[in-house]
>>> print(open('final-v8.pdb').read())   # PDB, N, CA and C atoms
ATOM      1  N   MET A 144      -9.920  16.335 -12.245
ATOM      2  CA  MET A 144     -10.060  15.607 -11.010
ATOM      3  C   MET A 144      -8.676  15.243 -10.484
ATOM      4  N   VAL A 145      -8.538  15.347  -9.175
ATOM      5  CA  VAL A 145      -7.271  15.022  -8.529
ATOM      6  C   VAL A 145      -7.568  14.158  -7.308
ATOM      7  N   ALA A 146      -6.847  13.058  -7.160
ATOM      8  CA  ALA A 146      -6.974  12.229  -5.963
ATOM      9  C   ALA A 146      -6.181  12.896  -4.842
ATOM     10  N   ASP A 147      -6.881  13.429  -3.855
ATOM     11  CA  ASP A 147      -6.276  14.114  -2.710
ATOM     12  C   ASP A 147      -6.390  13.187  -1.500
ATOM     13  N   ALA A 148      -5.504  12.190  -1.452
ATOM     14  CA  ALA A 148      -5.597  11.150  -0.432
ATOM     15  C   ALA A 148      -5.410  11.692   0.981
ATOM     16  N   TRP A 149      -4.544  12.661   1.162
ATOM     17  CA  TRP A 149      -4.284  13.185   2.509
ATOM     18  C   TRP A 149      -5.520  13.840   3.105
ATOM     19  N   ASN A 150      -6.375  14.376   2.250
ATOM     20  CA  ASN A 150      -7.606  15.016   2.733
ATOM     21  C   ASN A 150      -8.845  14.168   2.444
ATOM     22  N   GLU A 151      -8.625  12.908   2.049
ATOM     23  CA  GLU A 151      -9.691  11.933   1.804
ATOM     24  C   GLU A 151     -10.784  12.469   0.880
ATOM     25  N   ARG A 152     -10.377  12.919  -0.308
ATOM     26  CA  ARG A 152     -11.361  13.444  -1.257
ATOM     27  C   ARG A 152     -10.809  13.409  -2.675
ATOM     28  N   ILE A 153     -11.727  13.501  -3.619
ATOM     29  CA  ILE A 153     -11.377  13.760  -5.004
ATOM     30  C   ILE A 153     -11.679  15.227  -5.211
ATOM     31  N   GLN A 154     -10.678  15.975  -5.576
ATOM     32  CA  GLN A 154     -10.829  17.422  -5.772
ATOM     33  C   GLN A 154     -11.216  17.680  -7.225
ATOM     34  N   GLN A 155     -12.303  18.390  -7.431
ATOM     35  CA  GLN A 155     -12.741  18.761  -8.769
ATOM     36  C   GLN A 155     -12.211  20.159  -9.076
ATOM     37  N   LEU A 156     -11.613  20.308 -10.261
ATOM     38  CA  LEU A 156     -11.028  21.585 -10.668
ATOM     39  C   LEU A 156     -11.676  22.070 -11.958
ATOM     40  N   ASP A 157     -11.741  23.399 -12.114
ATOM     41  CA  ASP A 157     -12.249  23.944 -13.378
ATOM     42  C   ASP A 157     -11.100  23.974 -14.388
ATOM     43  N   PRO A 158     -11.353  24.332 -15.644
ATOM     44  CA  PRO A 158     -10.292  24.326 -16.665
ATOM     45  C   PRO A 158      -9.090  25.206 -16.331
ATOM     46  N   ASN A 159      -9.260  26.192 -15.450
ATOM     47  CA  ASN A 159      -8.147  27.049 -15.054
ATOM     48  C   ASN A 159      -7.414  26.537 -13.826
ATOM     49  N   GLY A 160      -7.854  25.390 -13.280
ATOM     50  CA  GLY A 160      -7.193  24.804 -12.118
ATOM     51  C   GLY A 160      -7.753  25.256 -10.784
ATOM     52  N   ALA A 161      -8.796  26.060 -10.795
ATOM     53  CA  ALA A 161      -9.398  26.524  -9.541
ATOM     54  C   ALA A 161     -10.351  25.446  -8.999
ATOM     55  N   PRO A 162     -10.360  25.240  -7.681
ATOM     56  CA  PRO A 162     -11.273  24.247  -7.094
ATOM     57  C   PRO A 162     -12.725  24.607  -7.373
ATOM     58  N   ARG A 163     -13.522  23.591  -7.729
ATOM     59  CA  ARG A 163     -14.945  23.838  -7.935
ATOM     60  C   ARG A 163     -15.811  22.887  -7.125
ATOM     61  N   GLY A 164     -15.189  21.985  -6.399
ATOM     62  CA  GLY A 164     -15.923  21.057  -5.540
ATOM     63  C   GLY A 164     -15.075  19.862  -5.186
ATOM     64  N   SER A 165     -15.622  18.997  -4.343
ATOM     65  CA  SER A 165     -14.900  17.791  -3.978
ATOM     66  C   SER A 165     -15.882  16.674  -3.656
ATOM     67  N   ILE A 166     -15.384  15.464  -3.746
ATOM     68  CA  ILE A 166     -16.159  14.267  -3.430
ATOM     69  C   ILE A 166     -15.417  13.565  -2.299
ATOM     70  N   PRO A 167     -16.036  13.425  -1.126
ATOM     71  CA  PRO A 167     -15.344  12.760  -0.014
ATOM     72  C   PRO A 167     -15.187  11.263  -0.266
ATOM     73  N   ILE A 168     -14.010  10.743   0.061
ATOM     74  CA  ILE A 168     -13.722   9.317  -0.033
ATOM     75  C   ILE A 168     -13.201   8.874   1.330
ATOM     76  N   THR A 169     -13.976   8.103   2.044
ATOM     77  CA  THR A 169     -13.517   7.631   3.347
ATOM     78  C   THR A 169     -12.586   6.445   3.163
ATOM     79  N   GLY A 170     -11.664   6.297   4.076
ATOM     80  CA  GLY A 170     -10.748   5.164   4.032
ATOM     81  C   GLY A 170      -9.396   5.482   3.440
ATOM     82  N   TRP A 171      -9.155   6.720   3.080
ATOM     83  CA  TRP A 171      -7.832   7.100   2.592
ATOM     84  C   TRP A 171      -7.029   7.730   3.717
ATOM     85  N   GLU A 172      -7.200   7.227   4.924
ATOM     86  CA  GLU A 172      -6.567   7.861   6.071
ATOM     87  C   GLU A 172      -5.071   7.589   6.176
ATOM     88  N   SER A 173      -4.556   6.651   5.419
ATOM     89  CA  SER A 173      -3.141   6.331   5.500
ATOM     90  C   SER A 173      -2.281   7.485   5.008
ATOM     91  N   ARG A 174      -1.162   7.653   5.616
ATOM     92  CA  ARG A 174      -0.214   8.687   5.195
ATOM     93  C   ARG A 174       0.978   8.074   4.465
ATOM     94  N   SER A 175       0.812   6.838   4.024
ATOM     95  CA  SER A 175       1.866   6.144   3.293
ATOM     96  C   SER A 175       2.154   6.878   1.987
ATOM     97  N   ILE A 176       3.419   6.929   1.611
ATOM     98  CA  ILE A 176       3.759   7.555   0.331
ATOM     99  C   ILE A 176       3.722   6.528  -0.802
ATOM    100  N   LEU A 177       3.487   5.275  -0.466
ATOM    101  CA  LEU A 177       3.404   4.219  -1.466
ATOM    102  C   LEU A 177       1.953   3.884  -1.763
ATOM    103  N   ASP A 178       1.711   3.340  -2.917
ATOM    104  CA  ASP A 178       0.386   2.828  -3.286
ATOM    105  C   ASP A 178      -0.734   3.835  -3.095
ATOM    106  N   LYS A 179      -0.559   5.017  -3.615
ATOM    107  CA  LYS A 179      -1.607   6.038  -3.545
ATOM    108  C   LYS A 179      -2.707   5.742  -4.555
ATOM    109  N   PRO A 180      -3.875   6.335  -4.369
ATOM    110  CA  PRO A 180      -4.991   6.075  -5.287
ATOM    111  C   PRO A 180      -4.789   6.715  -6.663
ATOM    112  N   TYR A 181      -5.429   6.097  -7.657
ATOM    113  CA  TYR A 181      -5.441   6.605  -9.018
ATOM    114  C   TYR A 181      -6.878   6.721  -9.486
ATOM    115  N   LEU A 182      -7.102   7.538 -10.503
ATOM    116  CA  LEU A 182      -8.436   7.788 -11.030
ATOM    117  C   LEU A 182      -8.498   7.492 -12.524
ATOM    118  N   ALA A 183      -9.679   7.103 -12.977
ATOM    119  CA  ALA A 183      -9.975   6.976 -14.410
ATOM    120  C   ALA A 183     -11.460   7.261 -14.576
ATOM    121  N   ALA A 184     -11.829   7.820 -15.707
ATOM    122  CA  ALA A 184     -13.237   8.124 -15.967
ATOM    123  C   ALA A 184     -13.692   7.398 -17.223
ATOM    124  N   ASP A 185     -14.968   7.011 -17.243
ATOM    125  CA  ASP A 185     -15.499   6.365 -18.431
ATOM    126  C   ASP A 185     -16.303   7.366 -19.264
ATOM    127  N   ALA A 186     -16.820   6.895 -20.391
ATOM    128  CA  ALA A 186     -17.541   7.775 -21.320
ATOM    129  C   ALA A 186     -18.839   8.318 -20.728
ATOM    130  N   ARG A 187     -19.346   7.679 -19.700
ATOM    131  CA  ARG A 187     -20.594   8.132 -19.072
ATOM    132  C   ARG A 187     -20.369   9.087 -17.900
ATOM    133  N   GLY A 188     -19.113   9.397 -17.608
ATOM    134  CA  GLY A 188     -18.826  10.352 -16.546
ATOM    135  C   GLY A 188     -18.602   9.746 -15.178
ATOM    136  N   ARG A 189     -18.599   8.424 -15.093
ATOM    137  CA  ARG A 189     -18.302   7.774 -13.816
ATOM    138  C   ARG A 189     -16.802   7.795 -13.588
ATOM    139  N   ILE A 190     -16.417   7.889 -12.322
ATOM    140  CA  ILE A 190     -15.003   7.918 -11.956
ATOM    141  C   ILE A 190     -14.682   6.627 -11.217
ATOM    142  N   TYR A 191     -13.631   5.943 -11.662
ATOM    143  CA  TYR A 191     -13.159   4.738 -10.986
ATOM    144  C   TYR A 191     -11.926   5.116 -10.188
ATOM    145  N   VAL A 192     -11.890   4.673  -8.951
ATOM    146  CA  VAL A 192     -10.852   5.085  -8.009
ATOM    147  C   VAL A 192     -10.230   3.854  -7.370
ATOM    148  N   THR A 193      -8.902   3.781  -7.364
ATOM    149  CA  THR A 193      -8.266   2.684  -6.646
ATOM    150  C   THR A 193      -8.162   3.064  -5.171
ATOM    151  N   ALA A 194      -8.387   2.077  -4.323
ATOM    152  CA  ALA A 194      -8.189   2.225  -2.879
ATOM    153  C   ALA A 194      -7.214   1.114  -2.487
ATOM    154  N   PRO A 195      -5.917   1.319  -2.765
ATOM    155  CA  PRO A 195      -4.927   0.255  -2.636
ATOM    156  C   PRO A 195      -4.863  -0.392  -1.257
ATOM    157  N   GLU A 196      -4.900   0.404  -0.224
ATOM    158  CA  GLU A 196      -4.734  -0.160   1.115
ATOM    159  C   GLU A 196      -5.995  -0.849   1.624
ATOM    160  N   ARG A 197      -7.106  -0.678   0.904
ATOM    161  CA  ARG A 197      -8.350  -1.384   1.243
ATOM    162  C   ARG A 197      -8.600  -2.527   0.271
ATOM    163  N   TYR A 198      -7.712  -2.704  -0.719
ATOM    164  CA  TYR A 198      -7.808  -3.769  -1.716
ATOM    165  C   TYR A 198      -9.142  -3.722  -2.460
ATOM    166  N   GLU A 199      -9.513  -2.520  -2.898
ATOM    167  CA  GLU A 199     -10.759  -2.410  -3.645
ATOM    168  C   GLU A 199     -10.718  -1.269  -4.638
ATOM    169  N   ILE A 200     -11.716  -1.287  -5.494
ATOM    170  CA  ILE A 200     -11.923  -0.214  -6.449
ATOM    171  C   ILE A 200     -13.277   0.394  -6.141
ATOM    172  N   LEU A 201     -13.321   1.704  -6.122
ATOM    173  CA  LEU A 201     -14.562   2.425  -5.882
ATOM    174  C   LEU A 201     -15.030   3.038  -7.180
ATOM    175  N   VAL A 202     -16.323   3.245  -7.302
ATOM    176  CA  VAL A 202     -16.864   3.958  -8.454
ATOM    177  C   VAL A 202     -17.687   5.119  -7.913
ATOM    178  N   VAL A 203     -17.472   6.281  -8.513
ATOM    179  CA  VAL A 203     -18.257   7.466  -8.184
ATOM    180  C   VAL A 203     -19.233   7.653  -9.335
ATOM    181  N   ASP A 204     -20.518   7.457  -9.048
ATOM    182  CA  ASP A 204     -21.545   7.619 -10.078
ATOM    183  C   ASP A 204     -21.693   9.092 -10.440
ATOM    184  N   VAL A 205     -22.379   9.363 -11.547
ATOM    185  CA  VAL A 205     -22.541  10.748 -12.003
ATOM    186  C   VAL A 205     -23.290  11.606 -10.985
ATOM    187  N   ASP A 206     -24.043  10.982 -10.085
ATOM    188  CA  ASP A 206     -24.746  11.736  -9.049
ATOM    189  C   ASP A 206     -23.898  11.954  -7.795
ATOM    190  N   GLY A 207     -22.626  11.500  -7.823
ATOM    191  CA  GLY A 207     -21.712  11.715  -6.711
ATOM    192  C   GLY A 207     -21.721  10.617  -5.662
ATOM    193  N   GLN A 208     -22.527   9.571  -5.856
ATOM    194  CA  GLN A 208     -22.559   8.454  -4.910
ATOM    195  C   GLN A 208     -21.307   7.597  -5.085
ATOM    196  N   VAL A 209     -20.667   7.259  -3.963
ATOM    197  CA  VAL A 209     -19.463   6.440  -3.975
ATOM    198  C   VAL A 209     -19.823   5.047  -3.475
ATOM    199  N   ARG A 210     -19.410   4.018  -4.231
ATOM    200  CA  ARG A 210     -19.680   2.637  -3.818
ATOM    201  C   ARG A 210     -18.531   1.744  -4.261
ATOM    202  N   PRO A 211     -18.330   0.635  -3.556
ATOM    203  CA  PRO A 211     -17.319  -0.327  -4.014
ATOM    204  C   PRO A 211     -17.771  -0.957  -5.323
ATOM    205  N   LEU A 212     -16.844  -1.223  -6.199
ATOM    206  CA  LEU A 212     -17.150  -1.839  -7.480
ATOM    207  C   LEU A 212     -17.055  -3.349  -7.332
ATOM    208  N   SER A 213     -18.091  -4.043  -7.761
ATOM    209  CA  SER A 213     -18.108  -5.500  -7.761
ATOM    210  C   SER A 213     -17.378  -5.972  -9.011
ATOM    211  N   LEU A 214     -16.311  -6.698  -8.835
ATOM    212  CA  LEU A 214     -15.525  -7.162  -9.970
ATOM    213  C   LEU A 214     -15.921  -8.575 -10.360
ATOM    214  N   PRO A 215     -15.919  -8.856 -11.667
ATOM    215  CA  PRO A 215     -16.193 -10.229 -12.098
ATOM    216  C   PRO A 215     -15.062 -11.155 -11.658
ATOM    217  N   GLY A 216     -15.349 -12.421 -11.591
ATOM    218  CA  GLY A 216     -14.293 -13.373 -11.248
ATOM    219  C   GLY A 216     -14.527 -14.058  -9.925
ATOM    220  N   GLY A 217     -15.729 -14.068  -9.467
ATOM    221  CA  GLY A 217     -16.020 -14.771  -8.223
ATOM    222  C   GLY A 217     -16.514 -13.846  -7.143
ATOM    223  N   ARG A 218     -17.221 -14.423  -6.252
ATOM    224  CA  ARG A 218     -17.800 -13.666  -5.138
ATOM    225  C   ARG A 218     -16.697 -13.102  -4.255
ATOM    226  N   GLY A 219     -16.780 -11.829  -3.986
ATOM    227  CA  GLY A 219     -15.806 -11.200  -3.113
ATOM    228  C   GLY A 219     -14.460 -10.941  -3.764
ATOM    229  N   ARG A 220     -14.392 -11.015  -5.085
ATOM    230  CA  ARG A 220     -13.123 -10.763  -5.791
ATOM    231  C   ARG A 220     -12.614  -9.375  -5.464
ATOM    232  N   ARG A 221     -11.399  -9.317  -4.955
ATOM    233  CA  ARG A 221     -10.782  -8.041  -4.616
ATOM    234  C   ARG A 221      -9.415  -7.983  -5.268
ATOM    235  N   PRO A 222      -9.069  -6.835  -5.833
ATOM    236  CA  PRO A 222      -7.749  -6.707  -6.444
ATOM    237  C   PRO A 222      -6.659  -6.659  -5.370
ATOM    238  N   ALA A 223      -5.487  -7.184  -5.710
ATOM    239  CA  ALA A 223      -4.347  -7.181  -4.793
ATOM    240  C   ALA A 223      -3.588  -5.873  -4.931
ATOM    241  N   THR A 224      -3.833  -4.952  -4.042
ATOM    242  CA  THR A 224      -3.209  -3.630  -4.025
ATOM    243  C   THR A 224      -3.307  -2.942  -5.386
ATOM    244  N   PRO A 225      -4.517  -2.521  -5.775
ATOM    245  CA  PRO A 225      -4.689  -1.862  -7.076
ATOM    246  C   PRO A 225      -4.091  -0.459  -7.065
ATOM    247  N   THR A 226      -3.175  -0.214  -7.969
ATOM    248  CA  THR A 226      -2.541   1.105  -8.008
ATOM    249  C   THR A 226      -2.814   1.851  -9.301
ATOM    250  N   GLY A 227      -2.823   1.179 -10.418
ATOM    251  CA  GLY A 227      -3.114   1.842 -11.689
ATOM    252  C   GLY A 227      -4.477   1.435 -12.191
ATOM    253  N   ILE A 228      -5.129   2.335 -12.936
ATOM    254  CA  ILE A 228      -6.465   2.030 -13.446
ATOM    255  C   ILE A 228      -6.705   2.823 -14.729
ATOM    256  N   ASP A 229      -7.438   2.210 -15.653
ATOM    257  CA  ASP A 229      -7.827   2.896 -16.881
ATOM    258  C   ASP A 229      -9.094   2.237 -17.408
ATOM    259  N   VAL A 230      -9.843   2.990 -18.198
ATOM    260  CA  VAL A 230     -11.051   2.484 -18.826
ATOM    261  C   VAL A 230     -10.831   2.533 -20.329
ATOM    262  N   GLY A 231     -11.021   1.393 -20.995
ATOM    263  CA  GLY A 231     -10.851   1.322 -22.440
ATOM    264  C   GLY A 231     -12.030   1.932 -23.176
ATOM    265  N   ALA A 232     -11.861   2.150 -24.467
ATOM    266  CA  ALA A 232     -12.898   2.775 -25.299
ATOM    267  C   ALA A 232     -14.196   1.976 -25.316
ATOM    268  N   GLY A 233     -14.101   0.661 -25.138
ATOM    269  CA  GLY A 233     -15.287  -0.182 -25.131
ATOM    270  C   GLY A 233     -15.882  -0.401 -23.754
ATOM    271  N   GLY A 234     -15.344   0.270 -22.745
ATOM    272  CA  GLY A 234     -15.873   0.148 -21.395
ATOM    273  C   GLY A 234     -15.149  -0.861 -20.522
ATOM    274  N   GLU A 235     -14.140  -1.555 -21.083
ATOM    275  CA  GLU A 235     -13.398  -2.510 -20.271
ATOM    276  C   GLU A 235     -12.532  -1.766 -19.250
ATOM    277  N   LEU A 236     -12.294  -2.420 -18.127
ATOM    278  CA  LEU A 236     -11.529  -1.809 -17.044
ATOM    279  C   LEU A 236     -10.183  -2.501 -16.939
ATOM    280  N   TYR A 237      -9.115  -1.716 -16.892
ATOM    281  CA  TYR A 237      -7.764  -2.233 -16.718
ATOM    282  C   TYR A 237      -7.276  -1.817 -15.341
ATOM    283  N   VAL A 238      -6.770  -2.794 -14.585
ATOM    284  CA  VAL A 238      -6.319  -2.527 -13.222
ATOM    285  C   VAL A 238      -4.920  -3.095 -13.047
ATOM    286  N   ALA A 239      -3.982  -2.246 -12.636
ATOM    287  CA  ALA A 239      -2.623  -2.682 -12.318
ATOM    288  C   ALA A 239      -2.569  -2.970 -10.823
ATOM    289  N   GLU A 240      -2.055  -4.152 -10.486
ATOM    290  CA  GLU A 240      -1.933  -4.543  -9.085
ATOM    291  C   GLU A 240      -0.455  -4.592  -8.727
ATOM    292  N   SER A 241      -0.054  -3.792  -7.741
ATOM    293  CA  SER A 241       1.360  -3.747  -7.382
ATOM    294  C   SER A 241       1.800  -5.001  -6.632
ATOM    295  N   SER A 242       0.888  -5.660  -5.940
ATOM    296  CA  SER A 242       1.221  -6.942  -5.302
ATOM    297  C   SER A 242       1.157  -8.015  -6.375
ATOM    298  N   GLY A 243       2.288  -8.470  -6.801
ATOM    299  CA  GLY A 243       2.330  -9.482  -7.852
ATOM    300  C   GLY A 243       2.661  -8.913  -9.214
ATOM    301  N   GLY A 244       2.573  -7.593  -9.367
ATOM    302  CA  GLY A 244       2.949  -6.951 -10.615
ATOM    303  C   GLY A 244       2.152  -7.401 -11.814
ATOM    304  N   VAL A 245       0.837  -7.458 -11.703
ATOM    305  CA  VAL A 245       0.013  -7.897 -12.829
ATOM    306  C   VAL A 245      -0.916  -6.783 -13.291
ATOM    307  N   LEU A 246      -1.312  -6.888 -14.542
ATOM    308  CA  LEU A 246      -2.315  -5.995 -15.116
ATOM    309  C   LEU A 246      -3.514  -6.858 -15.471
ATOM    310  N   ARG A 247      -4.669  -6.523 -14.921
ATOM    311  CA  ARG A 247      -5.873  -7.306 -15.174
ATOM    312  C   ARG A 247      -6.828  -6.519 -16.062
ATOM    313  N   ARG A 248      -7.496  -7.240 -16.945
ATOM    314  CA  ARG A 248      -8.510  -6.652 -17.821
ATOM    315  C   ARG A 248      -9.841  -7.280 -17.461
ATOM    316  N   TYR A 249     -10.803  -6.433 -17.160
ATOM    317  CA  TYR A 249     -12.142  -6.906 -16.857
ATOM    318  C   TYR A 249     -13.042  -6.596 -18.034
ATOM    319  N   SER A 250     -13.919  -7.525 -18.346
ATOM    320  CA  SER A 250     -14.845  -7.361 -19.473
ATOM    321  C   SER A 250     -15.666  -6.093 -19.315
ATOM    322  N   VAL A 251     -16.345  -5.762 -20.387
ATOM    323  CA  VAL A 251     -17.178  -4.564 -20.392
ATOM    324  C   VAL A 251     -18.106  -4.573 -19.179
ATOM    325  N   LEU A 252     -17.961  -3.550 -18.340
ATOM    326  CA  LEU A 252     -18.748  -3.473 -17.119
ATOM    327  C   LEU A 252     -20.134  -2.899 -17.390
ATOM    328  N   ASP A 253     -20.183  -1.897 -18.239
ATOM    329  CA  ASP A 253     -21.427  -1.244 -18.598
ATOM    330  C   ASP A 253     -21.129  -0.486 -19.882
ATOM    331  N   PRO A 254     -21.455  -1.051 -21.022
ATOM    332  CA  PRO A 254     -21.054  -0.450 -22.295
ATOM    333  C   PRO A 254     -21.467   1.007 -22.430
ATOM    334  N   PRO A 255     -20.612   1.816 -23.065
ATOM    335  CA  PRO A 255     -20.955   3.230 -23.272
ATOM    336  C   PRO A 255     -22.104   3.393 -24.250
TER     337      PRO A 255
END
>>> encode(input="final-v8.pdb", output="structure tokens")
Amino acid sequence: MVADAWNERIQQLDPNGAPRGSIPITGWESRSILDKPYLAADARGRIYVTAPERYEILVVDVDGQVRPLSLPGGRGRRPATPTGIDVGAGGELYVAESSGGVLRRYSVLDPP
């Protein structure tokens, strides 16, 4: 998987690097070279995507549906310019926020 922000999609590639499909992501219309999106996948095949300029994290379900991820920590909690993302072995989500330079750990969202 490759975050193709200029074309507003996640490009899916086969093991040889050939395109095999894409998932459209609206809202990546910025042409900024800073704060580009990052991807991480969990054990269940879901893809977590940072949308830095929208101050949110998206999740692509295994069926290809894209939705904003509701983060714990209060109603309407939004990350401050999320740029880095990873999923731990236990399902916890790690998010690096470039505004403020912090790394946040969210509890298990949906255990594997």
>>> closest_residue(input="final-v8.pdb", among="A:Val209, A:Ala223, A:Leu214, A:Val145", to="Arg197 (chain A)", atoms="only N, CA and C atoms")
A:Ala223
>>> residues_near_point(input="final-v8.pdb", point="(1.7, -7.8, -11.5)", cutoff="12 Å", atoms="only C-alpha atoms", output="PyMOL selection string")
chain A and resi 222-227+238-247
>>> write_last_selection(input="final-v8.pdb", atoms="N, CA and C atoms", output="short mmCIF file (atom, residue, chain, number, x, y, z; two decimals), in the coordinates of the input")
data_model
loop_
_atom_site.label_atom_id
_atom_site.label_comp_id
_atom_site.auth_asym_id
_atom_site.auth_seq_id
_atom_site.Cartn_x
_atom_site.Cartn_y
_atom_site.Cartn_z
N PRO A 222 -9.07 -6.84 -5.83
CA PRO A 222 -7.75 -6.71 -6.44
C PRO A 222 -6.66 -6.66 -5.37
N ALA A 223 -5.49 -7.18 -5.71
CA ALA A 223 -4.35 -7.18 -4.79
C ALA A 223 -3.59 -5.87 -4.93
N THR A 224 -3.83 -4.95 -4.04
CA THR A 224 -3.21 -3.63 -4.03
C THR A 224 -3.31 -2.94 -5.39
N PRO A 225 -4.52 -2.52 -5.78
CA PRO A 225 -4.69 -1.86 -7.08
C PRO A 225 -4.09 -0.46 -7.06
N THR A 226 -3.18 -0.21 -7.97
CA THR A 226 -2.54 1.10 -8.01
C THR A 226 -2.81 1.85 -9.30
N GLY A 227 -2.82 1.18 -10.42
CA GLY A 227 -3.11 1.84 -11.69
C GLY A 227 -4.48 1.44 -12.19
N VAL A 238 -6.77 -2.79 -14.58
CA VAL A 238 -6.32 -2.53 -13.22
C VAL A 238 -4.92 -3.10 -13.05
N ALA A 239 -3.98 -2.25 -12.64
CA ALA A 239 -2.62 -2.68 -12.32
C ALA A 239 -2.57 -2.97 -10.82
N GLU A 240 -2.06 -4.15 -10.49
CA GLU A 240 -1.93 -4.54 -9.09
C GLU A 240 -0.46 -4.59 -8.73
N SER A 241 -0.05 -3.79 -7.74
CA SER A 241 1.36 -3.75 -7.38
C SER A 241 1.80 -5.00 -6.63
N SER A 242 0.89 -5.66 -5.94
CA SER A 242 1.22 -6.94 -5.30
C SER A 242 1.16 -8.02 -6.38
N GLY A 243 2.29 -8.47 -6.80
CA GLY A 243 2.33 -9.48 -7.85
C GLY A 243 2.66 -8.91 -9.21
N GLY A 244 2.57 -7.59 -9.37
CA GLY A 244 2.95 -6.95 -10.62
C GLY A 244 2.15 -7.40 -11.81
N VAL A 245 0.84 -7.46 -11.70
CA VAL A 245 0.01 -7.90 -12.83
C VAL A 245 -0.92 -6.78 -13.29
N LEU A 246 -1.31 -6.89 -14.54
CA LEU A 246 -2.32 -6.00 -15.12
C LEU A 246 -3.51 -6.86 -15.47
N ARG A 247 -4.67 -6.52 -14.92
CA ARG A 247 -5.87 -7.31 -15.17
C ARG A 247 -6.83 -6.52 -16.06
#
>>> closest_atom_pairs(input="final-v8.pdb", of="region 152-202 of chain A", to="region 229-232 of chain A", cutoff="8 Å", atoms="only N, CA and C atoms", output="JSON lines")
{"residue": "A:Tyr181", "atom": "C", "partner": "A:Asp229", "partner_atom": "N", "distance": 7.7}
{"residue": "A:Leu182", "atom": "C", "partner": "A:Asp229", "partner_atom": "N", "distance": 6.2}
{"residue": "A:Ala183", "atom": "CA", "partner": "A:Asp229", "partner_atom": "CA", "distance": 5.2}
{"residue": "A:Ala184", "atom": "N", "partner": "A:Val230", "partner_atom": "N", "distance": 5.8}
{"residue": "A:Asp185", "atom": "CA", "partner": "A:Val230", "partner_atom": "CA", "distance": 5.9}
{"residue": "A:Ala186", "atom": "N", "partner": "A:Val230", "partner_atom": "C", "distance": 7.4}
{"residue": "A:Tyr191", "atom": "C", "partner": "A:Asp229", "partner_atom": "N", "distance": 7.6}
>>> write_last_selection(input="final-v8.pdb", atoms="N, CA and C atoms", output="tab-separated table (two decimals), in the frame of the given file")
chain	number	residue	atom	x	y	z
A	181	TYR	N	-5.43	6.10	-7.66
A	181	TYR	CA	-5.44	6.60	-9.02
A	181	TYR	C	-6.88	6.72	-9.49
A	182	LEU	N	-7.10	7.54	-10.50
A	182	LEU	CA	-8.44	7.79	-11.03
A	182	LEU	C	-8.50	7.49	-12.52
A	183	ALA	N	-9.68	7.10	-12.98
A	183	ALA	CA	-9.98	6.98	-14.41
A	183	ALA	C	-11.46	7.26	-14.58
A	184	ALA	N	-11.83	7.82	-15.71
A	184	ALA	CA	-13.24	8.12	-15.97
A	184	ALA	C	-13.69	7.40	-17.22
A	185	ASP	N	-14.97	7.01	-17.24
A	185	ASP	CA	-15.50	6.36	-18.43
A	185	ASP	C	-16.30	7.37	-19.26
A	186	ALA	N	-16.82	6.90	-20.39
A	186	ALA	CA	-17.54	7.78	-21.32
A	186	ALA	C	-18.84	8.32	-20.73
A	191	TYR	N	-13.63	5.94	-11.66
A	191	TYR	CA	-13.16	4.74	-10.99
A	191	TYR	C	-11.93	5.12	-10.19
>>> resolve_selection(input="final-v8.pdb", expression="the PyMOL selection byres ((chain A and resi 151) around 6)", output="list in words")
Asp147, Ala148, Trp149, Asn150, Arg152, Ile153, Ile166, Pro167, Ile168, Thr169 and Trp171 of chain A
>>> residues_around(input="final-v8.pdb", residues="Met144 (chain A)", least_positions_apart="6", cutoff="6 Å", atoms="only N, CA and C atoms", output="VMD selection string")
chain A and resid 154 to 156
>>> closest_residue(input="final-v8.pdb", among="A:Gln208, A:Asn159, A:Pro180, A:Tyr249", to="Ala194 (chain A)", atoms="all atoms listed in the file")
A:Pro180
>>> atom_distance(input="final-v8.pdb", atom1="CA of Asp204 (chain A)", atom2="atom N of Arg189 (chain A)")
5.9 Å
>>> atom_distance(input="final-v8.pdb", atom1="atom N of Pro195 (chain A)", atom2="CA of Pro211 (chain A)")
11.6 Å
>>> atom_distance(input="final-v8.pdb", atom1="CA of Arg163 (chain A)", atom2="CA of Glu196 (chain A)")
27.6 Å
>>> select_by_dssp(input="final-v8.pdb", residues="chain A", states="strand (DSSP E or B)", output="number ranges by chain")
A: 145-147, 152-156, 162-167, 182-184, 190-194, 199-203, 209-211, 225-230, 236-240, 245-249
>>> closest_residue(input="final-v8.pdb", among="A:Lys179, A:Arg210, A:Arg221, A:Arg248", to="Ala146 (chain A)", atoms="only N, CA and C atoms")
A:Lys179
>>> select_by_dssp(input="final-v8.pdb", residues="chain A", states="helix (DSSP H, G or I)", output="list of chain:residue names")
A:Ala148, A:Trp149, A:Asn150, A:Pro195, A:Glu196, A:Arg197
>>> closest_residue(input="final-v8.pdb", among="A:Tyr198, A:Arg187, A:Val192, A:Gly207", to="Ser165 (chain A)", atoms="only C-alpha atoms")
A:Gly207
